[in-house]
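Have a look at run.cif below; it lists mmCIF, all heavy atoms.
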data_query
#
loop_
_atom_site.label_atom_id
_atom_site.label_comp_id
_atom_site.auth_asym_id
_atom_site.auth_seq_id
_atom_site.Cartn_x
_atom_site.Cartn_y
_atom_site.Cartn_z
N MET A 1 -218.41 47.52 65.41
CA MET A 1 -216.97 47.68 65.47
C MET A 1 -216.34 46.91 64.31
O MET A 1 -216.63 45.73 64.09
CB MET A 1 -216.47 47.15 66.81
CG MET A 1 -214.99 47.19 66.96
SD MET A 1 -214.56 46.61 68.61
CE MET A 1 -213.29 47.74 68.97
N ALA A 2 -215.50 47.57 63.57
CA ALA A 2 -214.85 46.96 62.41
C ALA A 2 -213.74 46.03 62.86
O ALA A 2 -212.98 46.33 63.78
CB ALA A 2 -214.30 48.04 61.50
N ARG A 3 -213.65 44.88 62.17
CA ARG A 3 -212.60 43.92 62.47
C ARG A 3 -211.38 44.23 61.63
O ARG A 3 -211.50 44.55 60.46
CB ARG A 3 -213.11 42.53 62.14
CG ARG A 3 -212.52 41.47 63.00
CD ARG A 3 -213.25 40.18 62.78
NE ARG A 3 -212.42 39.40 61.85
CZ ARG A 3 -212.77 38.28 61.31
NH1 ARG A 3 -213.95 37.78 61.55
NH2 ARG A 3 -211.97 37.63 60.52
N LYS A 4 -210.21 44.10 62.23
CA LYS A 4 -208.97 44.33 61.50
C LYS A 4 -208.71 43.16 60.57
O LYS A 4 -208.71 42.00 60.98
CB LYS A 4 -207.81 44.50 62.48
CG LYS A 4 -206.51 44.81 61.81
CD LYS A 4 -205.40 44.97 62.84
CE LYS A 4 -204.09 45.19 62.14
NZ LYS A 4 -202.99 45.23 63.08
N ILE A 5 -208.53 43.45 59.29
CA ILE A 5 -208.27 42.40 58.31
C ILE A 5 -206.77 42.31 58.10
O ILE A 5 -206.10 43.28 57.79
CB ILE A 5 -208.97 42.72 56.98
CG1 ILE A 5 -210.48 42.78 57.20
CG2 ILE A 5 -208.60 41.69 55.92
CD1 ILE A 5 -211.25 43.20 55.99
N THR A 6 -206.26 41.11 58.30
CA THR A 6 -204.84 40.88 58.10
C THR A 6 -204.66 39.92 56.94
O THR A 6 -205.60 39.25 56.50
CB THR A 6 -204.19 40.26 59.36
OG1 THR A 6 -204.85 39.03 59.64
CG2 THR A 6 -204.31 41.19 60.56
N GLN A 7 -203.44 39.83 56.46
CA GLN A 7 -203.15 38.94 55.34
C GLN A 7 -203.34 37.48 55.77
O GLN A 7 -203.82 36.66 55.01
CB GLN A 7 -201.73 39.17 54.86
CG GLN A 7 -201.39 38.34 53.63
CD GLN A 7 -200.00 38.64 53.10
OE1 GLN A 7 -199.29 39.45 53.68
NE2 GLN A 7 -199.62 38.00 52.04
N TYR A 8 -202.96 37.16 56.99
CA TYR A 8 -203.08 35.80 57.50
C TYR A 8 -204.12 35.80 58.60
O TYR A 8 -204.01 36.53 59.57
CB TYR A 8 -201.74 35.30 58.03
CG TYR A 8 -200.65 35.36 57.00
CD1 TYR A 8 -199.66 36.34 57.05
CD2 TYR A 8 -200.62 34.45 55.96
CE1 TYR A 8 -198.68 36.40 56.09
CE2 TYR A 8 -199.64 34.51 54.99
CZ TYR A 8 -198.67 35.48 55.06
OH TYR A 8 -197.70 35.54 54.12
N PRO A 9 -205.15 34.96 58.48
CA PRO A 9 -206.22 35.00 59.47
C PRO A 9 -205.78 34.51 60.86
O PRO A 9 -206.33 34.92 61.85
CB PRO A 9 -207.28 34.07 58.90
CG PRO A 9 -206.56 33.22 57.91
CD PRO A 9 -205.40 34.02 57.42
N TYR A 10 -204.79 33.64 60.92
CA TYR A 10 -204.33 33.12 62.21
C TYR A 10 -202.88 33.52 62.41
O TYR A 10 -202.04 33.30 61.55
CB TYR A 10 -204.45 31.60 62.25
CG TYR A 10 -205.86 31.13 61.97
CD1 TYR A 10 -206.20 30.56 60.76
CD2 TYR A 10 -206.85 31.29 62.93
CE1 TYR A 10 -207.50 30.15 60.50
CE2 TYR A 10 -208.15 30.88 62.67
CZ TYR A 10 -208.46 30.32 61.46
OH TYR A 10 -209.74 29.92 61.22
N SER A 11 -202.61 34.10 63.54
CA SER A 11 -201.22 34.49 63.81
C SER A 11 -200.41 33.24 64.12
O SER A 11 -200.88 32.31 64.76
CB SER A 11 -201.15 35.47 64.98
OG SER A 11 -201.61 34.85 66.15
N HIS A 12 -199.20 33.21 63.68
CA HIS A 12 -198.32 32.07 63.92
C HIS A 12 -197.66 32.24 65.27
O HIS A 12 -196.95 33.19 65.50
CB HIS A 12 -197.27 31.96 62.82
CG HIS A 12 -196.34 30.81 63.03
ND1 HIS A 12 -196.75 29.51 62.89
CD2 HIS A 12 -195.04 30.75 63.39
CE1 HIS A 12 -195.74 28.70 63.15
NE2 HIS A 12 -194.69 29.43 63.45
N THR A 13 -197.92 31.29 66.14
CA THR A 13 -197.28 31.35 67.45
C THR A 13 -196.01 30.53 67.38
O THR A 13 -195.92 29.54 66.65
CB THR A 13 -198.20 30.77 68.54
OG1 THR A 13 -198.56 29.45 68.17
CG2 THR A 13 -199.46 31.61 68.68
N PRO A 14 -195.00 30.91 68.15
CA PRO A 14 -193.74 30.16 68.13
C PRO A 14 -193.99 28.71 68.59
O PRO A 14 -194.85 28.44 69.42
CB PRO A 14 -192.87 30.89 69.14
CG PRO A 14 -193.50 32.22 69.34
CD PRO A 14 -194.95 32.06 69.01
N MET A 15 -193.22 27.80 68.01
CA MET A 15 -193.39 26.39 68.34
C MET A 15 -192.82 26.11 69.73
O MET A 15 -191.76 26.60 70.08
CB MET A 15 -192.68 25.52 67.31
CG MET A 15 -193.28 25.61 65.93
SD MET A 15 -192.31 24.78 64.68
CE MET A 15 -192.80 23.11 64.94
N CYS A 16 -193.52 25.30 70.49
CA CYS A 16 -193.00 24.90 71.79
C CYS A 16 -192.11 23.67 71.60
O CYS A 16 -192.02 23.11 70.51
CB CYS A 16 -194.13 24.62 72.77
SG CYS A 16 -195.14 23.19 72.34
N GLU A 17 -191.45 23.25 72.66
CA GLU A 17 -190.49 22.14 72.54
C GLU A 17 -191.16 20.85 72.08
O GLU A 17 -190.57 20.07 71.34
CB GLU A 17 -189.80 21.92 73.89
CG GLU A 17 -188.85 23.04 74.26
CD GLU A 17 -188.19 22.79 75.60
OE1 GLU A 17 -188.21 21.65 76.07
OE2 GLU A 17 -187.66 23.75 76.16
N ASP A 18 -192.41 20.61 72.51
CA ASP A 18 -193.10 19.39 72.10
C ASP A 18 -193.34 19.37 70.60
O ASP A 18 -193.19 18.34 69.96
CB ASP A 18 -194.44 19.26 72.84
CG ASP A 18 -194.25 18.97 74.32
OD1 ASP A 18 -193.18 18.47 74.69
OD2 ASP A 18 -195.18 19.25 75.09
N GLU A 19 -193.72 20.51 70.04
CA GLU A 19 -193.97 20.57 68.60
C GLU A 19 -192.68 20.37 67.81
O GLU A 19 -192.67 19.73 66.78
CB GLU A 19 -194.62 21.89 68.23
CG GLU A 19 -196.04 22.02 68.75
CD GLU A 19 -196.62 23.39 68.50
OE1 GLU A 19 -195.84 24.33 68.30
OE2 GLU A 19 -197.85 23.51 68.53
N VAL A 20 -191.57 20.91 68.32
CA VAL A 20 -190.28 20.75 67.64
C VAL A 20 -189.85 19.30 67.69
O VAL A 20 -189.40 18.74 66.68
CB VAL A 20 -189.21 21.66 68.28
CG1 VAL A 20 -187.84 21.36 67.71
CG2 VAL A 20 -189.56 23.12 68.06
N SER A 21 -190.02 18.64 68.83
CA SER A 21 -189.60 17.24 68.93
C SER A 21 -190.46 16.36 68.03
O SER A 21 -189.98 15.40 67.44
CB SER A 21 -189.67 16.75 70.38
OG SER A 21 -190.99 16.68 70.82
N MET A 22 -191.75 16.67 67.90
CA MET A 22 -192.60 15.90 67.00
C MET A 22 -192.16 16.11 65.56
O MET A 22 -192.19 15.18 64.77
CB MET A 22 -194.06 16.30 67.17
CG MET A 22 -194.72 15.72 68.40
SD MET A 22 -194.63 13.93 68.47
CE MET A 22 -195.67 13.50 67.11
N THR A 23 -191.74 17.32 65.20
CA THR A 23 -191.27 17.57 63.85
C THR A 23 -190.01 16.75 63.57
O THR A 23 -189.88 16.17 62.50
CB THR A 23 -191.00 19.07 63.66
OG1 THR A 23 -192.19 19.79 63.94
CG2 THR A 23 -190.55 19.38 62.25
N VAL A 24 -189.11 16.70 64.53
CA VAL A 24 -187.88 15.92 64.37
C VAL A 24 -188.22 14.43 64.25
O VAL A 24 -187.69 13.74 63.37
CB VAL A 24 -186.91 16.17 65.54
CG1 VAL A 24 -185.73 15.22 65.50
CG2 VAL A 24 -186.44 17.61 65.53
N GLU A 25 -189.11 13.95 65.09
CA GLU A 25 -189.51 12.54 65.03
C GLU A 25 -190.17 12.21 63.70
O GLU A 25 -189.91 11.16 63.11
CB GLU A 25 -190.45 12.20 66.18
CG GLU A 25 -189.78 12.18 67.53
CD GLU A 25 -190.78 12.01 68.66
OE1 GLU A 25 -191.98 11.81 68.36
OE2 GLU A 25 -190.36 12.05 69.81
N ASN A 26 -191.02 13.09 63.22
CA ASN A 26 -191.68 12.87 61.94
C ASN A 26 -190.67 12.85 60.80
O ASN A 26 -190.78 12.04 59.87
CB ASN A 26 -192.73 13.94 61.68
CG ASN A 26 -193.94 13.78 62.58
OD1 ASN A 26 -194.17 12.73 63.15
ND2 ASN A 26 -194.70 14.85 62.70
N THR A 27 -189.69 13.73 60.83
CA THR A 27 -188.66 13.79 59.80
C THR A 27 -187.82 12.52 59.81
O THR A 27 -187.55 11.93 58.75
CB THR A 27 -187.78 15.03 59.99
OG1 THR A 27 -188.60 16.19 60.01
CG2 THR A 27 -186.75 15.15 58.88
N VAL A 28 -187.40 12.08 60.98
CA VAL A 28 -186.60 10.85 61.09
C VAL A 28 -187.42 9.66 60.60
O VAL A 28 -186.91 8.80 59.86
CB VAL A 28 -186.10 10.64 62.53
CG1 VAL A 28 -185.50 9.27 62.72
CG2 VAL A 28 -185.11 11.72 62.92
N GLY A 29 -188.67 9.60 60.99
CA GLY A 29 -189.54 8.51 60.54
C GLY A 29 -189.70 8.50 59.04
O GLY A 29 -189.70 7.44 58.41
N LEU A 30 -189.85 9.67 58.45
CA LEU A 30 -189.99 9.78 57.00
C LEU A 30 -188.73 9.27 56.30
O LEU A 30 -188.81 8.53 55.31
CB LEU A 30 -190.27 11.22 56.60
CG LEU A 30 -190.43 11.49 55.11
CD1 LEU A 30 -191.65 10.76 54.57
CD2 LEU A 30 -190.53 12.97 54.84
N VAL A 31 -187.56 9.63 56.80
CA VAL A 31 -186.30 9.18 56.20
C VAL A 31 -186.19 7.66 56.29
O VAL A 31 -185.81 7.00 55.32
CB VAL A 31 -185.10 9.87 56.89
CG1 VAL A 31 -183.78 9.23 56.49
CG2 VAL A 31 -185.09 11.36 56.57
N VAL A 32 -186.54 7.09 57.44
CA VAL A 32 -186.47 5.64 57.61
C VAL A 32 -187.44 4.94 56.65
O VAL A 32 -187.08 3.94 56.01
CB VAL A 32 -186.78 5.25 59.08
CG1 VAL A 32 -186.98 3.75 59.23
CG2 VAL A 32 -185.67 5.74 60.00
N VAL A 33 -188.64 5.45 56.52
CA VAL A 33 -189.63 4.83 55.64
C VAL A 33 -189.18 4.89 54.19
O VAL A 33 -189.28 3.91 53.44
CB VAL A 33 -191.01 5.50 55.82
CG1 VAL A 33 -191.96 5.11 54.71
CG2 VAL A 33 -191.58 5.13 57.17
N VAL A 34 -188.64 6.03 53.76
CA VAL A 34 -188.18 6.16 52.38
C VAL A 34 -187.01 5.22 52.11
O VAL A 34 -186.95 4.57 51.06
CB VAL A 34 -187.82 7.63 52.08
CG1 VAL A 34 -187.08 7.76 50.76
CG2 VAL A 34 -189.07 8.49 52.07
N ALA A 35 -186.07 5.12 53.07
CA ALA A 35 -184.93 4.22 52.89
C ALA A 35 -185.39 2.77 52.83
O ALA A 35 -184.91 1.99 51.98
CB ALA A 35 -183.93 4.41 54.04
N LEU A 36 -186.33 2.38 53.67
CA LEU A 36 -186.83 1.02 53.67
C LEU A 36 -187.58 0.72 52.37
O LEU A 36 -187.42 -0.37 51.78
CB LEU A 36 -187.75 0.79 54.87
CG LEU A 36 -188.32 -0.60 55.05
CD1 LEU A 36 -187.21 -1.63 55.23
CD2 LEU A 36 -189.25 -0.62 56.24
N LEU A 37 -188.37 1.65 51.91
CA LEU A 37 -189.10 1.47 50.65
C LEU A 37 -188.12 1.32 49.48
O LEU A 37 -188.30 0.45 48.63
CB LEU A 37 -190.03 2.65 50.42
CG LEU A 37 -190.93 2.57 49.19
CD1 LEU A 37 -191.89 1.40 49.31
CD2 LEU A 37 -191.69 3.86 49.01
N ALA A 38 -187.08 2.14 49.45
CA ALA A 38 -186.08 2.04 48.39
C ALA A 38 -185.37 0.68 48.43
O ALA A 38 -185.15 0.04 47.39
CB ALA A 38 -185.06 3.17 48.51
N TYR A 39 -185.05 0.21 49.64
CA TYR A 39 -184.41 -1.10 49.79
C TYR A 39 -185.30 -2.22 49.28
O TYR A 39 -184.85 -3.11 48.55
CB TYR A 39 -184.05 -1.31 51.27
CG TYR A 39 -183.63 -2.72 51.60
CD1 TYR A 39 -182.36 -3.18 51.29
CD2 TYR A 39 -184.52 -3.60 52.22
CE1 TYR A 39 -181.97 -4.48 51.57
CE2 TYR A 39 -184.14 -4.89 52.51
CZ TYR A 39 -182.87 -5.33 52.19
OH TYR A 39 -182.50 -6.61 52.48
N LEU A 40 -186.57 -2.18 49.65
CA LEU A 40 -187.49 -3.24 49.23
C LEU A 40 -187.72 -3.23 47.72
O LEU A 40 -187.78 -4.29 47.09
CB LEU A 40 -188.82 -3.11 49.98
CG LEU A 40 -188.76 -3.41 51.47
CD1 LEU A 40 -190.09 -3.10 52.12
CD2 LEU A 40 -188.36 -4.85 51.71
N ILE A 41 -187.82 -2.06 47.14
CA ILE A 41 -188.00 -1.98 45.68
C ILE A 41 -186.75 -2.48 44.97
O ILE A 41 -186.83 -3.24 44.00
CB ILE A 41 -188.36 -0.54 45.27
CG1 ILE A 41 -189.78 -0.21 45.74
CG2 ILE A 41 -188.25 -0.37 43.76
CD1 ILE A 41 -190.18 1.22 45.54
N PHE A 42 -185.58 -2.11 45.47
CA PHE A 42 -184.33 -2.58 44.87
C PHE A 42 -184.22 -4.10 45.00
O PHE A 42 -183.78 -4.78 44.07
CB PHE A 42 -183.14 -1.90 45.54
CG PHE A 42 -181.82 -2.24 44.90
CD1 PHE A 42 -181.49 -1.74 43.66
CD2 PHE A 42 -180.93 -3.07 45.54
CE1 PHE A 42 -180.28 -2.06 43.05
CE2 PHE A 42 -179.72 -3.39 44.96
CZ PHE A 42 -179.39 -2.90 43.71
N ALA A 43 -184.64 -4.65 46.16
CA ALA A 43 -184.59 -6.11 46.36
C ALA A 43 -185.57 -6.81 45.41
O ALA A 43 -185.31 -7.94 44.98
CB ALA A 43 -184.92 -6.44 47.80
N LEU A 44 -186.68 -6.19 45.07
CA LEU A 44 -187.62 -6.79 44.12
C LEU A 44 -187.06 -6.75 42.69
O LEU A 44 -187.26 -7.70 41.92
CB LEU A 44 -188.95 -6.06 44.15
CG LEU A 44 -189.89 -6.41 45.29
CD1 LEU A 44 -191.08 -5.46 45.29
CD2 LEU A 44 -190.36 -7.84 45.18
N ILE A 45 -186.36 -5.67 42.36
CA ILE A 45 -185.84 -5.53 41.01
C ILE A 45 -184.60 -6.37 40.78
O ILE A 45 -184.44 -7.01 39.74
CB ILE A 45 -185.55 -4.03 40.72
CG1 ILE A 45 -186.86 -3.26 40.71
CG2 ILE A 45 -184.81 -3.87 39.40
CD1 ILE A 45 -186.67 -1.75 40.63
N LYS A 46 -183.70 -6.42 41.76
CA LYS A 46 -182.44 -7.15 41.65
C LYS A 46 -182.31 -8.19 42.77
O LYS A 46 -181.46 -8.05 43.65
CB LYS A 46 -181.25 -6.18 41.72
CG LYS A 46 -181.23 -5.12 40.67
CD LYS A 46 -180.65 -5.68 39.39
CE LYS A 46 -180.47 -4.53 38.41
NZ LYS A 46 -179.87 -4.96 37.19
N PRO A 47 -183.11 -9.24 42.78
CA PRO A 47 -183.05 -10.20 43.90
C PRO A 47 -181.74 -10.99 43.94
O PRO A 47 -181.38 -11.48 45.01
CB PRO A 47 -184.24 -11.12 43.64
CG PRO A 47 -184.52 -10.99 42.19
CD PRO A 47 -184.11 -9.59 41.82
N GLU A 48 -181.04 -11.11 42.83
CA GLU A 48 -179.80 -11.88 42.82
C GLU A 48 -178.69 -11.21 43.62
O GLU A 48 -177.70 -11.84 43.98
CB GLU A 48 -179.33 -12.15 41.39
CG GLU A 48 -178.95 -10.91 40.60
CD GLU A 48 -180.13 -10.21 39.92
OE1 GLU A 48 -181.27 -10.67 40.06
OE2 GLU A 48 -179.87 -9.21 39.24
N LYS A 49 -178.81 -9.93 43.94
CA LYS A 49 -177.80 -9.24 44.72
C LYS A 49 -177.97 -9.47 46.23
O LYS A 49 -177.17 -9.05 47.01
CB LYS A 49 -177.86 -7.74 44.44
CG LYS A 49 -177.55 -7.39 43.03
CD LYS A 49 -176.66 -6.19 42.97
CE LYS A 49 -176.35 -5.94 41.51
NZ LYS A 49 -175.14 -5.21 41.36
N PHE A 50 -179.06 -10.18 46.61
CA PHE A 50 -179.31 -10.36 48.04
C PHE A 50 -179.17 -11.81 48.41
O PHE A 50 -179.60 -12.74 48.02
CB PHE A 50 -180.71 -9.84 48.41
CG PHE A 50 -180.78 -8.35 48.31
CD1 PHE A 50 -181.18 -7.73 47.14
CD2 PHE A 50 -180.41 -7.56 49.38
CE1 PHE A 50 -181.24 -6.35 47.03
CE2 PHE A 50 -180.47 -6.18 49.30
CZ PHE A 50 -180.87 -5.58 48.13
#
As structure tokens, please, write out the structure in this file.
Amino acid sequence: MARKITQYPYSHTPMCEDEVSMTVENTVGLVVVVALLAYLIFALIKPEKF
């Protein structure tokens, strides 16, 4: 029996609520980490402003 060849080997299933909440948490965490990293680098470069 021949297998149907599709462009994408795995079909994308809709995200459930848990996956969406994890995406939101990951995005918020990424923003916090980038902001903290920028703050620390700025504090290293211009310590007299702190």
Put the listed atoms of region 15-28 of chain A in a box along x, y and z with 4 Å added on every side and give me the centre and edge lengths in Å to one decimal, as JSON.
{"center_x": -191.5, "center_y": 18.3, "center_z": 67.5, "size_x": 20.7, "size_y": 27.0, "size_z": 25.4}
Straight-line distance linking atom C of Tyr39 (chain A) with atom O of Glu19 (chain A), stated in Å to one decimal:
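Value for the atom C of Tyr39 (chain A)-atom O of Glu19 (chain A) distance: 29.0 Å.
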To one decimal place, how far is atom C of Ser21 (chain A) from atom N of Ile41 (chain A) in Å?
28.0 Å
Point-to-point distance in Å for CA of Leu36 (chain A) and CA of Lys49 (chain A)
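Here the two named atoms are 16.3 Å from each other.
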